[in-house]
Structure formats: structure tokens, C-alpha cells
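**Q** So that you have it, the file is input.tsv, and it contains TSV, N, CA and C atoms and all ligand atoms:
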```tsv
chain	number	residue	atom	x	y	z
A	61	MET	N	73.35	23.88	121.83
A	61	MET	CA	72.99	24.82	120.74
A	61	MET	C	71.66	24.37	120.09
A	62	ILE	N	70.72	25.26	120.01
A	62	ILE	CA	69.41	24.91	119.43
A	62	ILE	C	69.50	24.90	117.90
A	63	ASN	N	68.94	23.84	117.30
A	63	ASN	CA	68.91	23.76	115.84
A	63	ASN	C	67.62	24.44	115.34
A	64	TYR	N	67.70	25.77	115.20
A	64	TYR	CA	66.52	26.55	114.83
A	64	TYR	C	65.97	26.14	113.47
A	65	LYS	N	66.88	25.87	112.53
A	65	LYS	CA	66.45	25.52	111.17
A	65	LYS	C	65.60	24.24	111.18
A	66	ASN	N	66.05	23.26	111.97
A	66	ASN	CA	65.30	22.01	112.07
A	66	ASN	C	63.94	22.23	112.72
A	67	LEU	N	63.92	23.09	113.75
A	67	LEU	CA	62.66	23.38	114.44
A	67	LEU	C	61.68	24.08	113.47
A	68	MET	N	62.21	24.99	112.67
A	68	MET	CA	61.38	25.67	111.67
A	68	MET	C	60.88	24.68	110.63
A	69	HIS	N	61.75	23.75	110.26
A	69	HIS	CA	61.37	22.73	109.28
A	69	HIS	C	60.20	21.90	109.80
A	70	LEU	N	60.27	21.52	111.08
A	70	LEU	CA	59.20	20.71	111.67
A	70	LEU	C	57.90	21.50	111.78
A	71	ALA	N	58.03	22.81	112.06
A	71	ALA	CA	56.84	23.68	112.12
A	71	ALA	C	56.20	23.77	110.73
A	72	GLN	N	57.06	23.88	109.73
A	72	GLN	CA	56.59	23.95	108.34
A	72	GLN	C	55.85	22.67	107.94
A	73	GLU	N	56.39	21.53	108.40
A	73	GLU	CA	55.74	20.24	108.12
A	73	GLU	C	54.40	20.14	108.83
A	74	ALA	N	54.36	20.59	110.09
A	74	ALA	CA	53.11	20.54	110.88
A	74	ALA	C	52.04	21.41	110.23
A	75	ARG	N	52.48	22.46	109.56
A	75	ARG	CA	51.55	23.37	108.88
A	75	ARG	C	50.74	22.64	107.81
A	76	ASN	N	51.30	21.56	107.28
A	76	ASN	CA	50.58	20.78	106.26
A	76	ASN	C	49.29	20.17	106.80
A	77	TYR	N	49.22	20.01	108.12
A	77	TYR	CA	48.02	19.41	108.73
A	77	TYR	C	46.99	20.45	109.15
A	78	SER	N	47.30	21.72	108.92
A	78	SER	CA	46.39	22.81	109.32
A	78	SER	C	44.97	22.55	108.80
A	79	TYR	N	44.01	22.68	109.73
A	79	TYR	CA	42.60	22.56	109.34
A	79	TYR	C	42.03	23.98	109.40
A	80	SER	N	42.01	24.64	108.25
A	80	SER	CA	41.65	26.06	108.24
A	80	SER	C	40.73	26.41	107.06
A	81	PRO	N	39.55	25.72	106.98
A	81	PRO	CA	38.66	25.97	105.85
A	81	PRO	C	37.98	27.33	105.87
A	82	TYR	N	38.05	28.03	106.99
A	82	TYR	CA	37.34	29.32	107.10
A	82	TYR	C	38.26	30.51	106.82
A	83	SER	N	39.43	30.51	107.45
A	83	SER	CA	40.34	31.65	107.25
A	83	SER	C	41.29	31.40	106.08
A	84	HIS	N	41.52	30.15	105.74
A	84	HIS	CA	42.53	29.78	104.73
A	84	HIS	C	43.91	30.32	105.13
A	85	PHE	N	44.10	30.46	106.43
A	85	PHE	CA	45.39	30.90	106.97
A	85	PHE	C	45.97	29.71	107.72
A	86	ARG	N	47.10	29.21	107.22
A	86	ARG	CA	47.63	27.94	107.73
A	86	ARG	C	48.86	28.18	108.62
A	87	VAL	N	48.81	27.59	109.81
A	87	VAL	CA	49.90	27.80	110.78
A	87	VAL	C	50.41	26.47	111.31
A	88	GLY	N	51.72	26.38	111.49
A	88	GLY	CA	52.34	25.21	112.10
A	88	GLY	C	53.29	25.66	113.19
A	89	ALA	N	53.46	24.82	114.20
A	89	ALA	CA	54.35	25.16	115.30
A	89	ALA	C	55.14	23.93	115.73
A	90	ALA	N	56.35	24.17	116.25
A	90	ALA	CA	57.17	23.08	116.78
A	90	ALA	C	57.78	23.56	118.09
A	91	LEU	N	57.52	22.81	119.14
A	91	LEU	CA	57.92	23.18	120.50
A	91	LEU	C	59.02	22.24	121.00
A	92	LEU	N	60.17	22.81	121.33
A	92	LEU	CA	61.29	22.02	121.83
A	92	LEU	C	61.26	22.00	123.35
A	93	SER	N	61.20	20.80	123.92
A	93	SER	CA	61.18	20.69	125.38
A	93	SER	C	62.60	20.45	125.90
A	94	LYS	N	62.79	20.69	127.19
A	94	LYS	CA	64.12	20.52	127.79
A	94	LYS	C	64.61	19.08	127.65
A	95	SER	N	63.69	18.13	127.61
A	95	SER	CA	64.07	16.72	127.47
A	95	SER	C	64.60	16.42	126.07
A	96	GLY	N	64.40	17.38	125.15
A	96	GLY	CA	64.86	17.19	123.77
A	96	GLY	C	63.75	16.77	122.83
A	97	LYS	N	62.61	16.37	123.42
A	97	LYS	CA	61.48	15.94	122.58
A	97	LYS	C	60.81	17.17	121.94
A	98	ILE	N	60.36	17.00	120.73
A	98	ILE	CA	59.71	18.11	120.01
A	98	ILE	C	58.24	17.78	119.78
A	99	TYR	N	57.38	18.71	120.15
A	99	TYR	CA	55.93	18.54	119.97
A	99	TYR	C	55.48	19.52	118.89
A	100	THR	N	54.74	19.01	117.92
A	100	THR	CA	54.28	19.89	116.85
A	100	THR	C	52.78	20.15	116.97
A	101	GLY	N	52.31	21.17	116.26
A	101	GLY	CA	50.88	21.48	116.27
A	101	GLY	C	50.50	22.31	115.06
A	102	CYS	N	49.20	22.31	114.77
A	102	CYS	CA	48.69	23.15	113.68
A	102	CYS	C	47.42	23.85	114.18
A	103	ASN	N	46.98	24.86	113.45
A	103	ASN	CA	45.71	25.49	113.83
A	103	ASN	C	44.55	24.60	113.40
A	104	ILE	N	43.54	24.55	114.26
A	104	ILE	CA	42.36	23.70	114.01
A	104	ILE	C	41.12	24.57	114.17
A	105	GLU	N	40.49	24.86	113.05
A	105	GLU	CA	39.34	25.79	113.07
A	105	GLU	C	38.04	25.05	113.31
A	106	ASN	N	36.99	25.85	113.51
A	106	ASN	CA	35.67	25.29	113.79
A	106	ASN	C	34.61	26.20	113.18
A	107	ALA	N	33.49	25.61	112.74
A	107	ALA	CA	32.40	26.39	112.17
A	107	ALA	C	31.90	27.43	113.18
A	108	ALA	N	31.97	27.08	114.46
A	108	ALA	CA	31.74	28.09	115.51
A	108	ALA	C	33.10	28.71	115.77
A	109	TYR	N	33.39	29.80	115.11
A	109	TYR	CA	34.77	30.31	114.99
A	109	TYR	C	35.57	30.36	116.29
A	110	SER	N	34.89	30.72	117.39
A	110	SER	CA	35.65	30.91	118.64
A	110	SER	C	36.20	29.61	119.21
A	111	ALA	N	35.74	28.48	118.68
A	111	ALA	CA	36.25	27.18	119.15
A	111	ALA	C	37.59	26.83	118.48
A	112	THR	N	38.06	27.71	117.62
A	112	THR	CA	39.34	27.49	116.92
A	112	THR	C	40.51	27.43	117.89
A	113	ASN	N	41.45	26.55	117.60
A	113	ASN	CA	42.68	26.49	118.40
A	113	ASN	C	43.89	26.81	117.53
A	114	CYS	N	44.73	27.71	118.03
A	114	CYS	CA	45.93	28.10	117.28
A	114	CYS	C	46.98	26.97	117.30
A	115	ALA	N	47.87	27.01	116.34
A	115	ALA	CA	48.93	26.00	116.22
A	115	ALA	C	49.81	25.95	117.47
A	116	GLU	N	50.15	27.12	117.99
A	116	GLU	CA	51.03	27.18	119.16
A	116	GLU	C	50.40	26.48	120.36
A	117	ARG	N	49.11	26.77	120.57
A	117	ARG	CA	48.43	26.15	121.72
A	117	ARG	C	48.25	24.65	121.51
A	118	THR	N	48.02	24.24	120.27
A	118	THR	CA	47.91	22.80	120.01
A	118	THR	C	49.20	22.11	120.45
A	119	ALA	N	50.34	22.68	120.07
A	119	ALA	CA	51.64	22.07	120.42
A	119	ALA	C	51.85	22.08	121.93
A	120	ILE	N	51.55	23.20	122.58
A	120	ILE	CA	51.76	23.30	124.03
A	120	ILE	C	50.83	22.34	124.78
A	121	PHE	N	49.57	22.28	124.36
A	121	PHE	CA	48.61	21.42	125.06
A	121	PHE	C	48.96	19.93	124.84
A	122	LYS	N	49.46	19.61	123.66
A	122	LYS	CA	49.89	18.23	123.42
A	122	LYS	C	51.01	17.88	124.40
A	123	ALA	N	51.99	18.78	124.52
A	123	ALA	CA	53.16	18.52	125.37
A	123	ALA	C	52.76	18.41	126.84
A	124	VAL	N	51.99	19.39	127.32
A	124	VAL	CA	51.61	19.40	128.73
A	124	VAL	C	50.77	18.18	129.06
A	125	SER	N	49.92	17.79	128.14
A	125	SER	CA	49.05	16.63	128.39
A	125	SER	C	49.82	15.32	128.36
A	126	GLU	N	51.08	15.40	127.94
A	126	GLU	CA	51.93	14.20	127.98
A	126	GLU	C	52.99	14.28	129.07
A	127	GLY	N	52.79	15.26	129.99
A	127	GLY	CA	53.67	15.34	131.16
A	127	GLY	C	54.85	16.27	131.04
A	128	GLU	N	54.98	16.97	129.91
A	128	GLU	CA	56.12	17.86	129.68
A	128	GLU	C	55.75	19.28	130.12
A	129	ARG	N	56.63	19.92	130.91
A	129	ARG	CA	56.34	21.29	131.34
A	129	ARG	C	57.52	22.23	131.20
A	130	ASP	N	58.65	21.72	130.79
A	130	ASP	CA	59.85	22.56	130.66
A	130	ASP	C	60.22	22.70	129.20
A	131	PHE	N	60.21	23.95	128.73
A	131	PHE	CA	60.41	24.18	127.31
A	131	PHE	C	61.55	25.16	127.03
A	132	VAL	N	62.11	25.04	125.84
A	132	VAL	CA	63.28	25.83	125.47
A	132	VAL	C	62.97	26.82	124.35
A	133	ALA	N	62.24	26.36	123.34
A	133	ALA	CA	61.98	27.22	122.18
A	133	ALA	C	60.75	26.75	121.41
A	134	LEU	N	60.15	27.71	120.71
A	134	LEU	CA	58.96	27.42	119.90
A	134	LEU	C	59.11	28.07	118.53
A	135	ALA	N	58.98	27.28	117.48
A	135	ALA	CA	59.05	27.81	116.12
A	135	ALA	C	57.64	27.92	115.55
A	136	ILE	N	57.37	29.01	114.85
A	136	ILE	CA	56.04	29.24	114.28
A	136	ILE	C	56.17	29.60	112.80
A	137	VAL	N	55.39	28.91	111.97
A	137	VAL	CA	55.36	29.19	110.54
A	137	VAL	C	53.90	29.39	110.13
A	138	GLY	N	53.58	30.51	109.54
A	138	GLY	CA	52.19	30.74	109.16
A	138	GLY	C	52.06	31.64	107.95
A	139	GLY	N	50.93	31.49	107.27
A	139	GLY	CA	50.67	32.33	106.10
A	139	GLY	C	49.42	31.85	105.39
A	140	ARG	N	48.97	32.66	104.45
A	140	ARG	CA	47.76	32.30	103.70
A	140	ARG	C	47.98	31.05	102.85
A	141	GLU	N	46.90	30.28	102.71
A	141	GLU	CA	46.92	29.05	101.92
A	141	GLU	C	47.49	29.34	100.53
A	142	GLY	N	48.34	28.46	100.06
A	142	GLY	CA	48.88	28.62	98.71
A	142	GLY	C	50.04	29.58	98.61
A	143	GLU	N	50.32	30.27	99.70
A	143	GLU	CA	51.44	31.21	99.68
A	143	GLU	C	52.57	30.67	100.56
A	144	THR	N	53.78	30.95	100.15
A	144	THR	CA	54.91	30.56	100.98
A	144	THR	C	54.82	31.38	102.25
A	145	SER	N	54.99	30.69	103.35
A	145	SER	CA	54.86	31.41	104.61
A	145	SER	C	55.97	32.44	104.74
A	146	ASP	N	55.64	33.52	105.38
A	146	ASP	CA	56.61	34.59	105.50
A	146	ASP	C	56.94	34.85	106.97
A	147	PHE	N	56.03	35.44	107.66
A	147	PHE	CA	56.30	35.83	109.04
A	147	PHE	C	54.97	35.86	109.78
A	148	CYS	N	54.80	35.02	110.76
A	148	CYS	CA	53.55	34.99	111.51
A	148	CYS	C	53.86	35.12	113.00
A	149	ALA	N	53.40	36.20	113.59
A	149	ALA	CA	53.62	36.43	115.02
A	149	ALA	C	52.50	35.75	115.81
A	150	PRO	N	52.80	35.25	117.00
A	150	PRO	CA	51.76	34.58	117.81
A	150	PRO	C	50.72	35.56	118.32
A	151	CYS	N	49.48	35.11	118.41
A	151	CYS	CA	48.41	35.99	118.89
A	151	CYS	C	48.56	36.20	120.40
A	152	GLY	N	47.81	37.14	120.92
A	152	GLY	CA	47.92	37.50	122.34
A	152	GLY	C	47.57	36.36	123.27
A	153	VAL	N	46.55	35.59	122.91
A	153	VAL	CA	46.14	34.46	123.76
A	153	VAL	C	47.28	33.44	123.84
A	154	CYS	N	47.89	33.15	122.70
A	154	CYS	CA	49.00	32.18	122.69
A	154	CYS	C	50.19	32.70	123.49
A	155	ARG	N	50.47	34.00	123.39
A	155	ARG	CA	51.58	34.56	124.18
A	155	ARG	C	51.32	34.35	125.67
A	156	GLN	N	50.07	34.54	126.09
A	156	GLN	CA	49.72	34.36	127.49
A	156	GLN	C	49.87	32.89	127.91
A	157	VAL	N	49.44	31.98	127.05
A	157	VAL	CA	49.56	30.54	127.35
A	157	VAL	C	51.04	30.14	127.42
A	158	ILE	N	51.83	30.66	126.51
A	158	ILE	CA	53.28	30.39	126.54
A	158	ILE	C	53.85	30.85	127.88
A	159	SER	N	53.42	32.04	128.33
A	159	SER	CA	53.98	32.63	129.56
A	159	SER	C	53.61	31.83	130.81
A	160	GLU	N	52.57	31.03	130.73
A	160	GLU	CA	52.19	30.18	131.87
A	160	GLU	C	53.26	29.13	132.17
A	161	PHE	N	53.93	28.68	131.12
A	161	PHE	CA	54.88	27.58	131.28
A	161	PHE	C	56.34	27.96	131.04
A	162	CYS	N	56.56	29.11	130.40
A	162	CYS	CA	57.93	29.40	129.95
A	162	CYS	C	58.51	30.66	130.59
A	163	PRO	N	59.82	30.64	130.82
A	163	PRO	CA	60.49	31.80	131.41
A	163	PRO	C	60.66	32.95	130.40
A	164	LYS	N	61.04	34.10	130.92
A	164	LYS	CA	61.21	35.31	130.08
A	164	LYS	C	62.16	35.09	128.90
A	165	GLU	N	63.19	34.25	129.13
A	165	GLU	CA	64.22	34.06	128.10
A	165	GLU	C	63.86	32.95	127.10
A	166	PHE	N	62.68	32.37	127.26
A	166	PHE	CA	62.19	31.36	126.30
A	166	PHE	C	62.23	31.94	124.90
A	167	GLU	N	62.67	31.13	123.94
A	167	GLU	CA	62.87	31.67	122.59
A	167	GLU	C	61.73	31.32	121.63
A	168	ILE	N	61.31	32.32	120.87
A	168	ILE	CA	60.23	32.15	119.90
A	168	ILE	C	60.80	32.50	118.52
A	169	VAL	N	60.73	31.53	117.63
A	169	VAL	CA	61.38	31.67	116.32
A	169	VAL	C	60.31	31.92	115.25
A	170	LEU	N	60.43	33.03	114.56
A	170	LEU	CA	59.40	33.41	113.57
A	170	LEU	C	60.00	33.55	112.18
A	171	GLY	N	59.24	33.12	111.18
A	171	GLY	CA	59.69	33.24	109.79
A	171	GLY	C	59.45	31.95	109.07
A	172	ASN	N	60.45	31.50	108.34
A	172	ASN	CA	60.36	30.18	107.71
A	172	ASN	C	61.74	29.52	107.77
A	173	GLU	N	61.81	28.33	107.20
A	173	GLU	CA	63.03	27.54	107.30
A	173	GLU	C	64.27	28.27	106.78
A	174	ASP	N	64.07	29.10	105.77
A	174	ASP	CA	65.21	29.75	105.14
A	174	ASP	C	65.57	31.09	105.77
A	175	LYS	N	64.54	31.74	106.34
A	175	LYS	CA	64.79	33.07	106.92
A	175	LYS	C	63.94	33.21	108.17
A	176	PHE	N	64.60	33.34	109.30
A	176	PHE	CA	63.84	33.46	110.55
A	176	PHE	C	64.54	34.38	111.52
A	177	LYS	N	63.77	34.81	112.53
A	177	LYS	CA	64.33	35.67	113.56
A	177	LYS	C	63.94	35.12	114.93
A	178	VAL	N	64.86	35.20	115.87
A	178	VAL	CA	64.61	34.66	117.21
A	178	VAL	C	64.31	35.79	118.19
A	179	TYR	N	63.18	35.66	118.89
A	179	TYR	CA	62.78	36.63	119.91
A	179	TYR	C	62.71	35.92	121.26
A	180	THR	N	62.78	36.70	122.34
A	180	THR	CA	62.52	36.10	123.65
A	180	THR	C	61.06	36.37	123.99
A	181	LEU	N	60.52	35.55	124.89
A	181	LEU	CA	59.13	35.75	125.32
A	181	LEU	C	58.96	37.15	125.91
A	182	ASP	N	59.97	37.59	126.65
A	182	ASP	CA	59.91	38.92	127.27
A	182	ASP	C	59.78	40.03	126.22
A	183	GLN	N	60.39	39.84	125.07
A	183	GLN	CA	60.27	40.84	123.99
A	183	GLN	C	58.86	40.88	123.42
A	184	LEU	N	58.22	39.71	123.35
A	184	LEU	CA	56.89	39.64	122.73
A	184	LEU	C	55.76	39.86	123.73
A	185	LEU	N	56.04	39.67	125.02
A	185	LEU	CA	55.00	39.86	126.03
A	185	LEU	C	55.58	40.56	127.27
A	186	PRO	N	55.91	41.85	127.12
A	186	PRO	CA	56.44	42.57	128.28
A	186	PRO	C	55.32	42.89	129.27
A	187	LEU	N	55.68	43.12	130.50
A	187	LEU	CA	54.72	43.53	131.53
A	187	LEU	C	53.52	42.57	131.60
A	188	SER	N	53.83	41.27	131.62
A	188	SER	CA	52.74	40.30	131.54
A	188	SER	C	52.09	40.00	132.89
A	189	PHE	N	50.91	39.48	132.84
A	189	PHE	CA	50.17	39.06	134.03
A	189	PHE	C	50.54	37.61	134.31
A	190	SER	N	50.89	37.31	135.57
A	190	SER	CA	51.25	35.93	135.90
A	190	SER	C	50.73	35.55	137.28
A	191	ASP	N	51.07	34.35	137.70
A	191	ASP	CA	50.63	33.87	139.02
A	191	ASP	C	51.12	34.78	140.15
A	192	LYS	N	52.21	35.53	139.89
A	192	LYS	CA	52.75	36.44	140.93
A	192	LYS	C	51.81	37.61	141.18
A	193	ASP	N	50.92	37.86	140.24
A	193	ASP	CA	49.98	38.99	140.39
A	193	ASP	C	48.72	38.58	141.14
A	194	LEU	N	48.55	37.29	141.34
A	194	LEU	CA	47.29	36.83	141.98
A	194	LEU	C	47.31	37.04	143.48
B	201	LIG	N1	46.47	31.42	114.13
B	201	LIG	C1	47.36	30.57	114.70
B	201	LIG	O1	47.26	29.35	114.59
B	201	LIG	N2	48.40	31.13	115.39
B	201	LIG	C2	48.60	32.47	115.53
B	201	LIG	O2	49.41	32.88	116.32
B	201	LIG	C3	47.82	33.38	114.70
B	201	LIG	C4	46.52	32.85	114.25
B	201	LIG	C5	45.38	30.82	113.36
B	201	LIG	C6	44.02	30.93	114.01
B	201	LIG	C7	43.12	30.87	112.82
B	201	LIG	O3	42.87	29.51	112.50
B	201	LIG	C8	43.90	31.50	111.69
B	201	LIG	O4	45.26	31.45	112.11
B	201	LIG	C9	43.51	32.92	111.36
B	201	LIG	O5	43.48	33.71	112.48
```
Can you give me the file's structure in the form of C-alpha cells?
Ligand code: THU

**A**
Amino acid sequence: MINYKNLMHLAQEARNYSYSPYSHFRVGAALLSKSGKIYTGCNIENAAYSATNCAERTAIFKAVSEGERDFVALAIVGGREGETSDFCAPCGVCRQVISEFCPKEFEIVLGNEDKFKVYTLDQLLPLSFSDKDL
């Protein structure tokens, strides 16, 4: 049984490290791997805006770069600086990166520690492009 509340809590904590001086939109993510290890990430912005990395990709890239490729769930917490996070959906690029490593039934948890909703990757990225299309 996945402890969604704990995963959301860790995403909320990771959000504290968000480097977002340009958008003032702070995001944290927590990625649960099949091994049980949890990788966290935050968004990291850049003065050259397109060099920005989203929280979800930070967590996934950290995990993959440490040899982890099997994942179970990803929690995302985001919102404007100074505001309690409410509901932040992953951007299209992050959905595509998630789909590179995760199956259709992979779970994506959105909201905050107290109130969240669980979606499958297939719900958030239907009809996706994958290696099978190449
Ligand atoms: N952001 C994320 O980190 N994840 C998302 O899924 C949505 C957007 C970040 C990127 C940028 O630093 C800020 O939020 C505003 O777009």
C-alpha cells in the first residue's frame, strides 16, 4: 500500500528548496521507486528562462542518474510563493519524461498533504508517443 500522505509531505518539504526567483512559483516532487527509495526534487530556474528544470524532472533525473529505473508513484506540490500550495498539474514536457520510464498505471499524486487526488499516467497523457512509435 502506497503511503500517499508521506509522499506528499516529502514533496512539500522538497518545495522549500525551490529556486524560482523569476516566476515565484514553487514546486516540489517526490518519486517513489520500486526499491522503496524516494527521490525528491524542486524546480530550478535560470536567468535564461528555457534552461529551467521542473521539480518532477529534477526528481526523475536524480533517480535515473543513480541507477533507478522502476517507479511506482510521483507526488507533486506546487503553487505561488507565499501561498499554500493547492493543485499543480505536471507540464507536458514532464509528462513525456515520466512516460519514458513509467507504465500507464504509474500513479501521479496532485494536491497537498491534506488534500490530494491520485491519477494514472494514462489519464494525464493519453495517446502518447513512445519508443513503439519509432
Ligand atoms: N514547474 C514545475 O516545476 N513543474 C510543473 O509541472 C509546472 C511548472 C515550474 C517551472 C517554473 O520554474 C515554474 O514552475 C513556473 O512555470

**Q** Just checking: using only C-alpha atoms and all ligand atoms, which residue out of A:Gly142, A:Gly171, A:Gly127, A:Pro81 ends up closest to ligand LIG 201 (chain B)?

**A**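 Checking each candidate against ligand LIG 201 (chain B), we get A:Pro81 as the closest.
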
**Q** Is there a way to get, as number ranges by chain, all residues within 8 Å of the point (65.6, 26.9, 112.1) in file coordinates, counting only C-alpha atoms?

**A** A: 63-69, 135, 169, 172-174, 176

**Q** My list of candidates is A:Gly96, A:Pro186, A:Gly138, A:Pro150. Which is closest to ligand LIG 201 (chain B) when distances are computed with only C-alpha atoms and all ligand atoms?

**A**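 Of A:Gly96, A:Pro186, A:Gly138, A:Pro150, the one nearest ligand LIG 201 (chain B), counting only C-alpha atoms and all ligand atoms, is A:Pro150.
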
**Q** Suppose you want the space between atom CA of Gln156 of chain A and atom N of Tyr82 of chain A; what is it in Å?

**A** 24.4 Å

**Q** In Å, how far is it from atom CA of Lys192 of chain A to atom C4 of ligand LIG 201 (chain B)?

**A**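 Atom C4 of ligand LIG 201 (chain B) lies at a distance of 27.6 Å from atom CA of Lys192 of chain A.
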
**Q** Restrict the calculation to all atoms listed in the file, then for each residue of chain A with any atom at most 6.5 Å from an atom of ligand LIG 201 (chain B) give the closest atom pair and their distance in Å to one decimal, rows by chain and rising residue number, as CSV.

**A**
```
residue,atom,partner,partner_atom,distance
A:Tyr79,C,B:LIG201,O3,6.4
A:Ser80,CA,B:LIG201,O3,5.6
A:Ser83,CA,B:LIG201,C9,5.3
A:Phe85,C,B:LIG201,O4,4.8
A:Arg86,N,B:LIG201,O4,5.7
A:Val87,CA,B:LIG201,O1,4.9
A:Gly88,N,B:LIG201,O1,6.2
A:Cys102,C,B:LIG201,O1,5.5
A:Asn103,CA,B:LIG201,O1,4.2
A:Ile104,N,B:LIG201,O3,5.3
A:Glu105,CA,B:LIG201,O3,5.2
A:Thr112,CA,B:LIG201,O3,6.0
A:Asn113,C,B:LIG201,O1,5.1
A:Cys114,CA,B:LIG201,O1,3.3
A:Ala115,N,B:LIG201,O1,3.0
A:Glu116,N,B:LIG201,O1,5.0
A:Cys148,C,B:LIG201,O2,6.0
A:Ala149,C,B:LIG201,O2,4.2
A:Pro150,CA,B:LIG201,O2,3.3
A:Cys151,N,B:LIG201,O2,3.1
A:Gly152,N,B:LIG201,O2,6.5
A:Cys154,CA,B:LIG201,O2,6.4
```
